[in-house]
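**Q** File name upload15.csv; file contents CSV, C-alpha atoms; full text below.
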```csv
chain,number,residue,atom,x,y,z
A,1,GLY,CA,0.0,0.0,0.0
A,2,ALA,CA,1.0,3.6,-0.3
A,3,GLY,CA,3.1,5.1,2.4
A,4,VAL,CA,3.7,8.6,3.4
A,5,SER,CA,4.9,10.7,0.4
A,6,GLN,CA,6.7,14.0,0.4
A,7,SER,CA,7.5,16.4,-2.4
A,8,PRO,CA,9.8,17.7,-3.6
A,9,ARG,CA,12.5,15.2,-2.5
A,10,TYR,CA,15.2,17.8,-3.0
A,11,LYS,CA,14.9,21.6,-2.9
A,12,VAL,CA,17.6,24.1,-3.5
A,13,ALA,CA,16.8,27.7,-2.4
A,14,LYS,CA,18.7,30.9,-2.4
A,15,ARG,CA,18.9,32.6,0.9
A,16,GLY,CA,15.8,34.8,1.4
A,17,GLN,CA,13.5,32.7,-0.8
A,18,ASP,CA,10.3,31.2,0.5
A,19,VAL,CA,9.8,27.4,0.2
A,20,ALA,CA,6.8,25.1,0.6
A,21,LEU,CA,7.2,21.4,1.4
A,22,ARG,CA,4.4,19.0,1.0
A,23,CYS,CA,3.4,15.9,2.9
A,24,ASP,CA,0.8,13.3,1.8
A,25,PRO,CA,0.1,11.1,4.8
A,26,ILE,CA,-1.3,7.6,4.7
A,27,SER,CA,-5.0,7.8,4.0
A,28,GLY,CA,-7.1,7.8,7.2
A,29,HIS,CA,-4.2,8.7,9.5
A,30,VAL,CA,-5.4,11.3,12.0
A,31,SER,CA,-2.0,12.4,13.4
A,32,LEU,CA,0.6,14.2,11.4
A,33,PHE,CA,4.1,15.2,12.5
A,34,TRP,CA,6.8,17.3,11.0
A,35,TYR,CA,10.5,16.8,12.0
A,36,GLN,CA,13.7,18.5,11.0
A,37,GLN,CA,16.9,16.5,10.7
A,38,ALA,CA,20.3,18.2,10.5
A,39,LEU,CA,23.2,16.3,9.0
A,40,GLY,CA,24.5,13.6,11.3
A,41,GLN,CA,21.8,14.1,13.9
A,42,GLY,CA,18.5,12.5,14.9
A,43,PRO,CA,15.2,14.0,13.8
A,44,GLU,CA,13.9,16.9,15.9
A,45,PHE,CA,10.2,17.6,16.4
A,46,LEU,CA,8.7,20.7,14.8
A,47,THR,CA,4.9,20.5,14.9
A,48,TYR,CA,1.9,18.1,15.3
A,49,PHE,CA,-1.6,18.0,13.8
A,50,GLN,CA,-4.6,16.0,14.8
A,51,ASN,CA,-6.8,16.2,11.7
A,52,GLU,CA,-6.8,19.9,10.7
A,53,ALA,CA,-6.0,21.2,14.2
A,54,GLN,CA,-2.4,22.1,14.9
A,55,LEU,CA,-2.1,21.0,18.5
A,56,ASP,CA,1.6,21.5,19.1
A,57,LYS,CA,4.0,23.9,17.3
A,58,SER,CA,6.5,24.1,20.1
A,59,GLY,CA,9.3,22.8,18.0
A,60,LEU,CA,9.1,25.4,15.2
A,61,PRO,CA,12.4,27.2,15.4
A,62,SER,CA,11.2,30.7,14.4
A,63,ASP,CA,8.2,32.6,13.1
A,64,ARG,CA,9.5,32.0,9.6
A,65,PHE,CA,8.2,28.5,9.9
A,66,PHE,CA,4.5,27.8,9.3
A,67,ALA,CA,2.6,24.6,8.8
A,68,GLU,CA,-0.9,23.9,7.8
A,69,ARG,CA,-3.3,21.0,7.2
A,70,PRO,CA,-6.5,22.7,6.1
A,71,GLU,CA,-8.6,19.6,5.3
A,72,GLY,CA,-7.0,17.2,7.7
A,73,SER,CA,-5.1,15.2,5.1
A,74,VAL,CA,-2.3,16.9,3.1
A,75,SER,CA,0.0,19.2,5.0
A,76,THR,CA,2.4,21.9,3.9
A,77,LEU,CA,5.4,23.2,5.8
A,78,LYS,CA,6.3,26.7,4.7
A,79,ILE,CA,9.6,28.4,5.4
A,80,GLN,CA,9.8,32.1,4.7
A,81,ARG,CA,13.0,34.0,4.0
A,82,THR,CA,15.1,30.9,4.2
A,83,GLN,CA,18.5,31.1,5.9
A,84,GLN,CA,21.5,28.8,5.6
A,85,GLU,CA,20.8,27.2,9.0
A,86,ASP,CA,17.4,26.0,7.6
A,87,SER,CA,19.3,23.5,5.4
A,88,ALA,CA,18.2,20.1,6.6
A,89,VAL,CA,16.0,17.1,5.8
A,90,TYR,CA,12.4,17.7,6.7
A,91,LEU,CA,10.5,14.6,7.6
A,92,CYS,CA,6.8,14.0,7.8
A,93,ALA,CA,5.2,11.2,9.8
A,94,SER,CA,1.6,10.1,10.2
A,95,SER,CA,-0.2,7.7,12.5
A,96,LEU,CA,-3.6,6.2,13.1
A,97,GLU,CA,-5.8,7.4,15.9
A,98,GLY,CA,-4.7,5.4,18.9
A,99,GLY,CA,-1.7,4.1,17.0
A,100,ASN,CA,1.7,3.8,18.6
A,101,GLU,CA,3.7,3.6,15.4
A,102,GLN,CA,4.5,6.6,13.3
A,103,PHE,CA,5.1,6.1,9.6
A,104,PHE,CA,7.7,8.3,8.1
A,105,GLY,CA,8.0,9.7,4.6
A,106,PRO,CA,11.4,9.8,2.8
A,107,GLY,CA,11.9,13.4,3.6
A,108,THR,CA,12.7,16.6,1.7
A,109,ARG,CA,16.3,17.6,1.6
A,110,LEU,CA,16.4,21.4,1.7
A,111,THR,CA,19.7,23.2,0.8
A,112,VAL,CA,19.8,26.9,1.2
A,113,LEU,CA,22.6,28.6,-0.6
B,1,ASP,CA,10.4,12.1,28.1
B,2,ALA,CA,13.2,10.2,29.7
B,3,LYS,CA,16.5,10.2,27.9
B,4,THR,CA,18.3,7.2,26.5
B,5,THR,CA,22.0,6.4,26.1
B,6,GLN,CA,23.3,4.3,23.2
B,7,PRO,CA,26.8,3.5,21.9
B,8,THR,CA,27.7,5.7,19.0
B,9,SER,CA,28.6,2.8,16.6
B,10,MET,CA,28.8,-0.9,16.4
B,11,ASP,CA,29.9,-3.5,13.9
B,12,CYS,CA,28.4,-6.9,13.2
B,13,ALA,CA,29.3,-9.7,10.9
B,14,GLU,CA,26.8,-10.7,8.3
B,15,GLY,CA,24.7,-13.6,9.4
B,16,ARG,CA,25.4,-13.1,13.1
B,17,ALA,CA,23.1,-11.7,15.7
B,18,ALA,CA,23.3,-7.9,16.3
B,19,ASN,CA,22.7,-6.9,19.9
B,20,LEU,CA,22.1,-3.2,20.3
B,21,PRO,CA,22.0,-1.9,23.9
B,22,CYS,CA,20.2,1.0,25.3
B,23,ASN,CA,20.2,2.6,28.8
B,24,HIS,CA,17.1,4.4,30.0
B,25,SER,CA,17.6,4.6,33.7
B,26,THR,CA,15.1,7.4,34.3
B,27,ILE,CA,12.2,5.7,32.5
B,28,SER,CA,8.8,6.3,34.0
B,29,GLY,CA,6.2,3.6,34.6
B,30,ASN,CA,4.0,4.7,31.8
B,31,GLU,CA,6.7,5.0,29.2
B,32,TYR,CA,7.3,2.5,26.5
B,33,VAL,CA,10.6,1.6,24.8
B,34,TYR,CA,10.5,2.1,21.1
B,35,TRP,CA,13.1,1.2,18.5
B,36,TYR,CA,13.3,2.8,15.0
B,37,ARG,CA,16.0,2.6,12.4
B,38,GLN,CA,17.0,4.9,9.6
B,39,ILE,CA,18.7,3.6,6.5
B,40,HIS,CA,20.7,6.1,4.5
B,41,SER,CA,18.5,8.7,2.7
B,42,GLN,CA,15.3,7.2,4.0
B,43,GLY,CA,12.9,8.2,6.8
B,44,PRO,CA,13.0,6.4,10.1
B,45,GLN,CA,11.3,3.0,10.1
B,46,TYR,CA,9.5,1.5,13.1
B,47,ILE,CA,11.0,-1.8,14.4
B,48,ILE,CA,9.4,-2.7,17.7
B,49,HIS,CA,8.2,-1.4,21.0
B,50,GLY,CA,7.5,-2.8,24.5
B,51,LEU,CA,6.6,-1.8,28.0
B,52,LYS,CA,8.1,-4.5,30.3
B,53,ASN,CA,7.7,-7.9,28.6
B,54,ASN,CA,10.0,-9.1,26.0
B,55,GLU,CA,8.7,-8.6,22.5
B,56,THR,CA,9.4,-10.3,19.2
B,57,ASN,CA,8.2,-9.6,15.6
B,58,GLU,CA,9.4,-10.5,12.2
B,59,MET,CA,12.1,-7.9,12.3
B,60,ALA,CA,13.6,-8.2,15.8
B,61,SER,CA,13.4,-9.0,19.4
B,62,LEU,CA,13.3,-6.6,22.3
B,63,ILE,CA,14.6,-7.6,25.7
B,64,ILE,CA,13.8,-5.3,28.6
B,65,THR,CA,15.4,-5.8,31.9
B,66,GLU,CA,13.2,-6.4,34.9
B,67,ASP,CA,13.9,-3.0,36.4
B,68,ARG,CA,13.2,-1.5,32.9
B,69,LYS,CA,16.4,0.6,33.1
B,70,SER,CA,17.9,-0.9,30.0
B,71,SER,CA,17.0,-2.9,27.0
B,72,THR,CA,18.6,-4.7,24.0
B,73,LEU,CA,17.4,-4.9,20.5
B,74,ILE,CA,18.3,-8.1,18.8
B,75,LEU,CA,18.5,-8.6,15.1
B,76,PRO,CA,18.9,-12.4,15.0
B,77,HIS,CA,20.6,-12.8,11.6
B,78,ALA,CA,22.0,-9.5,10.4
B,79,THR,CA,22.2,-8.8,6.7
B,80,LEU,CA,24.0,-6.0,4.8
B,81,ARG,CA,20.6,-4.3,4.5
B,82,ASP,CA,20.4,-3.9,8.2
B,83,THR,CA,23.2,-1.3,8.1
B,84,ALA,CA,21.5,1.8,9.5
B,85,VAL,CA,21.3,4.1,12.5
B,86,TYR,CA,19.2,2.6,15.2
B,87,TYR,CA,17.3,4.8,17.6
B,88,CYS,CA,16.1,3.8,21.1
B,89,ILE,CA,13.4,6.1,22.3
B,90,VAL,CA,11.2,6.1,25.5
B,91,ARG,CA,7.8,7.6,25.2
B,92,VAL,CA,4.3,7.4,26.7
B,93,ALA,CA,1.9,5.5,24.6
B,94,ASN,CA,0.0,8.5,23.4
B,95,TYR,CA,-0.5,8.8,19.6
B,96,GLY,CA,-0.4,12.5,19.9
B,97,GLN,CA,3.1,12.5,21.4
B,98,ASN,CA,6.1,13.1,19.2
B,99,PHE,CA,9.2,11.0,19.4
B,100,VAL,CA,12.4,12.5,20.8
B,101,PHE,CA,15.3,11.1,18.9
B,102,GLY,CA,18.9,11.0,20.1
B,103,PRO,CA,21.9,10.4,17.9
B,104,GLY,CA,21.3,6.6,17.9
B,105,THR,CA,23.7,3.8,17.2
B,106,ARG,CA,25.3,3.5,13.7
B,107,LEU,CA,25.3,-0.3,13.0
B,108,SER,CA,27.5,-1.5,10.2
B,109,VAL,CA,27.0,-5.0,9.1
B,110,LEU,CA,30.2,-6.3,7.5
B,111,PRO,CA,30.4,-9.0,4.8
```
Represent the structure from my file as structure tokens, please.

**A**
Amino acid sequence: GAGVSQSPRYKVAKRGQDVALRCDPISGHVSLFWYQQALGQGPEFLTYFQNEAQLDKSGLPSDRFFAERPEGSVSTLKIQRTQQEDSAVYLCASSLEGGNEQFFGPGTRLTVL
Amino acid sequence: DAKTTQPTSMDCAEGRAANLPCNHSTISGNEYVYWYRQIHSQGPQYIIHGLKNNETNEMASLIITEDRKSSTLILPHATLRDTAVYYCIVRVANYGQNFVFGPGTRLSVLP
């Protein structure tokens, strides 16, 4: 069956540009998470949605980061005025209501020049 | 969430069992032990989780000590495709709770 998909897989942006990263979770999964993974480190939590409600955004590093999930399925992570320190892999994960396991997508590798 | 301690790296011969240790001495009574792995250029993949009893599935076995302060993930017959970073995480069983990943253990399976 289809897993979590993310697009684009790779994104190169010039410093100061805005980017939008898309996540298509597994159909029917209520919970959706975004993580940021710097090179050589484990993923770090950014934000969490339950359906369309953003219940936790404590991990977003600055107000340049914004996430939405308007219809409770596809989610978009937007980064405004990108900086070099934003370069990382952005991972999306989804899970069933009541599920312990999070299913991760392949990630989007963002490089800010 | 309680923190975990894992060795930075380990090697294992192909076909042998890989035993990956994890210390979680401050684990709370309602926290589970989860294991994920991340193969190069892929997202993390769930392996197994448990509370206090040993668990086994098609991928691995999880052995949790009686005091729950440490655990071991066992890959019974490691293959080259098991080369990955393995993360041990403790977390309450709440589907709305994010995972807190440490640096993990880089397992290299050698031919």

**Q** Smallest atom-to-atom distance to chain A: which of B:Gln42, B:Thr56, B:Thr83, B:Thr8, using only C-alpha atoms?

**A**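 Among the listed residues, the smallest separation from chain A belongs to B:Gln42.
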
**Q** What is the distance, in Å and to one decimal place, between atom CA of A:Gln54 and atom CA of A:Ala88?

**A** 22.3 Å

**Q** Just want the 12 Å neighbourhood of B:Trp35, counted on all atoms listed in the file, with same-chain residues fewer than 3 positions away dropped. Output as a ChimeraX atom specification.

**A** /A:100-102 /B:4,6,20-22,32,38,44-51,55,59-63,71-75,85-91,99-102,104-105

**Q** Extending 6 Å beyond the listed atoms of stretch 58-73 of chain A on each side, what axis-aligned box results? I want centre and edge lengths in Å to one decimal, as JSON.

**A**
```
{"center_x": 1.9, "center_y": 23.9, "center_z": 12.6, "size_x": 33.0, "size_y": 29.4, "size_z": 27.0}
```

**Q** Around (15.0, 13.4, 2.7) in the file's own coordinates, what residues are found within 7 Å if you use all atoms listed in the file, given back as a PyMOL selection string?

**A** (chain A and resi 9+89-91+106-109) or (chain B and resi 41-43)

**Q** Those selected residues, please, written with C-alpha atoms and delivered as a tab-separated table (two decimals), keeping the file's coordinate frame.

**A**
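Saved as part-v7.tsv:
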```
chain	number	residue	atom	x	y	z
A	9	ARG	CA	12.50	15.20	-2.50
A	89	VAL	CA	16.00	17.10	5.80
A	90	TYR	CA	12.40	17.70	6.70
A	91	LEU	CA	10.50	14.60	7.60
A	106	PRO	CA	11.40	9.80	2.80
A	107	GLY	CA	11.90	13.40	3.60
A	108	THR	CA	12.70	16.60	1.70
A	109	ARG	CA	16.30	17.60	1.60
B	41	SER	CA	18.50	8.70	2.70
B	42	GLN	CA	15.30	7.20	4.00
B	43	GLY	CA	12.90	8.20	6.80
```

**Q** Counting only C-alpha atoms, which of B:Lys52, B:Arg16, B:His40, B:Arg68 gets nearest to chain A?

**A**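 For chain A, the nearest of the candidates is B:His40.
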
**Q** Kindly determine which residues of chain A lie within 9 Å of chain B, considering only C-alpha atoms, and give the answer as a tab-separated table (two decimals) with C-alpha atoms, keeping the file's coordinate frame.

**A**
```
chain	number	residue	atom	x	y	z
A	31	SER	CA	-2.00	12.40	13.40
A	32	LEU	CA	0.60	14.20	11.40
A	33	PHE	CA	4.10	15.20	12.50
A	40	GLY	CA	24.50	13.60	11.30
A	41	GLN	CA	21.80	14.10	13.90
A	42	GLY	CA	18.50	12.50	14.90
A	43	PRO	CA	15.20	14.00	13.80
A	44	GLU	CA	13.90	16.90	15.90
A	45	PHE	CA	10.20	17.60	16.40
A	47	THR	CA	4.90	20.50	14.90
A	48	TYR	CA	1.90	18.10	15.30
A	49	PHE	CA	-1.60	18.00	13.80
A	50	GLN	CA	-4.60	16.00	14.80
A	55	LEU	CA	-2.10	21.00	18.50
A	91	LEU	CA	10.50	14.60	7.60
A	92	CYS	CA	6.80	14.00	7.80
A	93	ALA	CA	5.20	11.20	9.80
A	95	SER	CA	-0.20	7.70	12.50
A	96	LEU	CA	-3.60	6.20	13.10
A	97	GLU	CA	-5.80	7.40	15.90
A	98	GLY	CA	-4.70	5.40	18.90
A	99	GLY	CA	-1.70	4.10	17.00
A	100	ASN	CA	1.70	3.80	18.60
A	101	GLU	CA	3.70	3.60	15.40
A	102	GLN	CA	4.50	6.60	13.30
A	103	PHE	CA	5.10	6.10	9.60
A	104	PHE	CA	7.70	8.30	8.10
A	105	GLY	CA	8.00	9.70	4.60
A	106	PRO	CA	11.40	9.80	2.80
A	107	GLY	CA	11.90	13.40	3.60
```

**Q** What does the structure give for the distance between atom CA of B:Asn23 and atom CA of A:Trp34, in Å to one decimal?

**A**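 So the answer is 26.7 Å.
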
**Q** I need every residue sitting at most 9 Å from the point (-7.5, 14.9, 4.4) (coordinates as in the file, all atoms listed in the file considered), written as a PyMOL selection string.

**A** chain A and resi 24-25+27-30+51-52+69-75

**Q** Could you give me, as a PyMOL selection string, the residues within 10 Å of A:Val12, counting only C-alpha atoms and dropping anything in the same chain fewer than 2 positions from it?

**A** chain A and resi 10+14-15+17+19+87+109-113

**Q** Ranking A:Ser94, A:Gln37, A:Thr76, A:Thr82 by minimum distance to A:Ala13 and counting all atoms listed in the file, which one comes first?

**A**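 Checking each candidate against A:Ala13, we get A:Thr82 as the closest.
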
**Q** Distance atom CA of B:Leu80-atom CA of B:Val109, one decimal place?

**A**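 About the pair atom CA of B:Leu80 and atom CA of B:Val109: they are 5.3 Å apart.
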
**Q** Give the answer as one residue: which of B:Ala17, B:Ile64, B:Ala84, B:Met10 has the shortest atom-to-atom distance to B:Arg37, using only C-alpha atoms?

**A**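 Of all the options, B:Ala84 lies closest to B:Arg37.
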
**Q** Can you tell me which residues surround B:Lys69 at a distance of at most 7 Å, considering only C-alpha atoms, apart from same-chain residues fewer than 2 positions away, and format the answer as a list of chain:residue names?

**A**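 Here the qualifying residues turn out to be B:Asn23, B:His24, B:Ser25, B:Ile27, B:Thr65, B:Asp67.
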
**Q** Find, counting only C-alpha atoms, the residue in A:Pro61, A:Pro8, A:Gly3, A:Gly16 that gets nearest to A:Gln36.

**A**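 Among the listed residues, the smallest separation from A:Gln36 belongs to A:Pro61.
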
**Q** Considering only C-alpha atoms, state which residue in the set A:Asp56, A:Asp86, A:Leu77, A:Glu68 is at the smallest distance from A:Arg22.

**A**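 Counting only C-alpha atoms, the residue closest to A:Arg22 is A:Leu77.
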
**Q** Using the partial input, fill out stretch 29-57 of chain A with N, CA and C atoms; write the result as a compact mmCIF listing (two decimals), in the coordinates of the input.

**A**
```txt
# COMPACT_ATOMS: atom_id res chain seq x y z
N HIS A 29 -5.03 8.46 8.31
CA HIS A 29 -4.20 8.70 9.50
C HIS A 29 -4.58 10.11 10.05
N VAL A 30 -4.91 10.10 11.31
CA VAL A 30 -5.40 11.30 12.00
C VAL A 30 -4.23 12.23 12.37
N SER A 31 -3.16 11.62 12.84
CA SER A 31 -2.00 12.40 13.40
C SER A 31 -0.99 12.63 12.30
N LEU A 32 -0.43 13.83 12.30
CA LEU A 32 0.60 14.20 11.40
C LEU A 32 1.69 14.98 12.07
N PHE A 33 2.93 14.60 11.88
CA PHE A 33 4.10 15.20 12.50
C PHE A 33 5.06 15.73 11.50
N TRP A 34 5.70 16.84 11.80
CA TRP A 34 6.80 17.30 11.00
C TRP A 34 8.08 17.29 11.93
N TYR A 35 9.19 16.81 11.35
CA TYR A 35 10.50 16.80 12.00
C TYR A 35 11.52 17.43 11.13
N GLN A 36 12.56 17.95 11.76
CA GLN A 36 13.70 18.50 11.00
C GLN A 36 14.94 17.68 11.42
N GLN A 37 15.71 17.27 10.43
CA GLN A 37 16.90 16.50 10.70
C GLN A 37 18.13 17.10 10.10
N ALA A 38 18.99 17.61 10.96
CA ALA A 38 20.30 18.20 10.50
C ALA A 38 21.23 17.01 10.20
N LEU A 39 22.22 17.29 9.41
CA LEU A 39 23.20 16.30 9.00
C LEU A 39 23.85 15.62 10.20
N GLY A 40 23.79 14.30 10.26
CA GLY A 40 24.50 13.60 11.30
C GLY A 40 23.74 13.54 12.66
N GLN A 41 22.53 14.07 12.69
CA GLN A 41 21.80 14.10 13.90
C GLN A 41 20.44 13.37 13.78
N GLY A 42 19.81 13.08 14.91
CA GLY A 42 18.50 12.50 14.90
C GLY A 42 17.43 13.53 14.53
N PRO A 43 16.26 13.08 14.07
CA PRO A 43 15.20 14.00 13.80
C PRO A 43 14.75 14.80 15.02
N GLU A 44 14.36 16.06 14.81
CA GLU A 44 13.90 16.90 15.90
C GLU A 44 12.44 17.34 15.57
N PHE A 45 11.56 17.24 16.55
CA PHE A 45 10.20 17.60 16.40
C PHE A 45 9.96 19.05 16.05
N LEU A 46 9.06 19.28 15.11
CA LEU A 46 8.70 20.70 14.80
C LEU A 46 7.25 20.95 15.20
N THR A 47 6.29 20.15 14.68
CA THR A 47 4.90 20.50 14.90
C THR A 47 4.03 19.22 14.74
N TYR A 48 2.81 19.27 15.31
CA TYR A 48 1.90 18.10 15.30
C TYR A 48 0.48 18.58 15.00
N PHE A 49 -0.17 17.81 14.12
CA PHE A 49 -1.60 18.00 13.80
C PHE A 49 -2.40 16.80 14.16
N GLN A 50 -3.58 17.09 14.67
CA GLN A 50 -4.60 16.00 14.80
C GLN A 50 -5.73 16.47 13.90
N ASN A 51 -5.93 15.73 12.83
CA ASN A 51 -6.80 16.20 11.70
C ASN A 51 -6.34 17.55 11.27
N GLU A 52 -7.20 18.55 11.24
CA GLU A 52 -6.80 19.90 10.70
C GLU A 52 -6.27 20.77 11.84
N ALA A 53 -6.38 20.34 13.07
CA ALA A 53 -6.00 21.20 14.20
C ALA A 53 -4.48 21.03 14.51
N GLN A 54 -3.80 22.14 14.56
CA GLN A 54 -2.40 22.10 14.90
C GLN A 54 -2.32 22.20 16.45
N LEU A 55 -2.06 21.08 17.09
CA LEU A 55 -2.10 21.00 18.50
C LEU A 55 -0.80 21.33 19.22
N ASP A 56 0.28 21.26 18.50
CA ASP A 56 1.60 21.50 19.10
C ASP A 56 2.51 22.08 18.04
N LYS A 57 2.97 23.28 18.26
CA LYS A 57 4.00 23.90 17.30
C LYS A 57 5.17 24.34 18.12
```
